[in-house]
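Heads up, the thing below is written out as structure tokens.
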Protein chains: 2
Amino acid sequence: MEYRERILRFIEEIKTSCLPSVSMDFVVFGFHEGQLKVLLLKWQGVDTWMLPGGRVRMDENMEDAAYRSLRERTGLAEVFLQQFHTFGNVIRNTYYAMEETRTKLGFSAEDFEGLPHRDISVGFYALVEYTKVNPTPGLELALDPFTEQIQWCNVEEVPQLLFDHNEMIQVALKTLRRQLSYQPIGYTLLPDQFTMPQLQQLYETILGQRLDRRNFQKRMLSYGILERGEKFQNGGAYKAPYLYRFDREKYQQALAEERLLVV
Amino acid sequence: MEYRERILRFIEEIKTSCLPSVSMDFVVFGFHEGQLKVLLLKWQGVDTWMLPGGRVRMDENMEDAAYRSLRERTGLAEVFLQQFHTFGNVIRNTYYAMEETRTKLGFSAEDFEGLPHRDISVGFYALVEYTKVNPTPGLELALDPFTEQIQWCNVEEVPQLLFDHNEMIQVALKTLRRQLSYQPIGYTLLPDQFTMPQLQQLYETILGQRLDRRNFQKRMLSYGILERGEKFQNGGAYKAPYLYRFDREKYQQALAEERLLVV
């Protein structure tokens, strides 16, 4: 199917099958080599990056729609996904940005007629273990005719995005910080096995502050959610650090009991 | 204006001026005599209680719409209002509950034609100092032709409500518990002056658990957000407790710096 035709079909689907005036946007965090990253994508013909997003079908629960949309746009499945804030300002995506985008895509006002004039957007954050995923654009192009490019970006280096997507990332980060003590953030962002310094680095990166090494280790071990394994063999190291893994059952239990894992 | 006419005008306003498929609902918490309460209302002709709610006008920011709706429905103004979760299940308010309500109100399917078939609802919680407010139904009846009765209810004694409103209260309570350490929950729920036992009682009620008296007092005083005033004169008391008030500036500052006020 031709590009233009695919988009017109996509618009028709939105108008007939989706909740009007509700959209969703996804802030997908990954952690790699001491760096927190976020997933950005670019539409064909638009030179500005944006967050992946989606819409809710009339017969679909919103949470299901979020998982489906994220999978269609990025290929990511079975990720930790959590709504964090709903964005409802008038100017967040009204005419200006929409028209600019439409024009760049080469469509007329008539082509887009009947689309909602304004959306509120439910923001979700996703946490993915960086080495395990390979985000892919256009998994099913019929479902997402726009995406051309998809890419990780360091959170400190995010460029100016479309709509209010920069604000969304900031609010997601703030939420992540606050939820660090009661969401399974550790095991969704780290590989199966990790060293105590790697775990500490994750906490420091999210919290944006340095933590005392001894206290951190002491507190982390006190929660009974870590299993110690072999020593990490990194060649010439003087003192090889131990490798740890999360005891997922105990981690989940601690979270379910609302025990705060404060560092 | 006659009741029926007022409602039809209200429906017309929703159809022409509001975001389709988006609603808002409010869980208003008050604290009185060691008891956490929530505000419920009843529509004319419907025998089931529900939460106050509202809709977003096309030209209005969602947060502004929340304050406006709460004021129109309950008379409450200048309250602490915070979104906590967006509810988007298909069955949350579809035909069954809507039709039942419509029928009870004495309207035909045609009267309600053109109304959205399904809403997602953004849940907000509000915290009000119980003795300072006097919730009033029908403040401006033209804006809310439904409300007949409005009333505080102990959170443990909430009856079966319309739609998914019981679930909303549970999620709001859970959020309140988690946010106790970084939202100004203390001074929005207590009178200007209070004793340390009253403050502790508020925390215990929200957290649903007993706290150690000495530790609580020590921690609370350590945050530097309380000012000690006169002794509370309660007649024959053996040891009169001190009255405290919040230093709002320091409280706000602590929250702005994301210092967790953990008890």
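Each chain in the structure tokens gets a letter, A, B and so on, in the order shown; residues start at 1 in every chain, and ligands are counted from 1 in the order they appear.
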Interface residues on chain A facing chain B, 12 Å, only C-alpha atoms, written as a ChimeraX atom specification
/A:18-24,55-66,82-94,116-124,174-175,177-183,207-208,255-260,262-263
Interatomic distance (Å, one decimal) between CA of Ala77 in chain A and CA of Thr205 in chain A
25.0 Å
Would you return as a ChimeraX atom specification the members of range 64-191 of chain B that DSSP assigns to alpha helix (DSSP H) on this structure's backbone?
/B:64-74,95-105,165-179,185-189
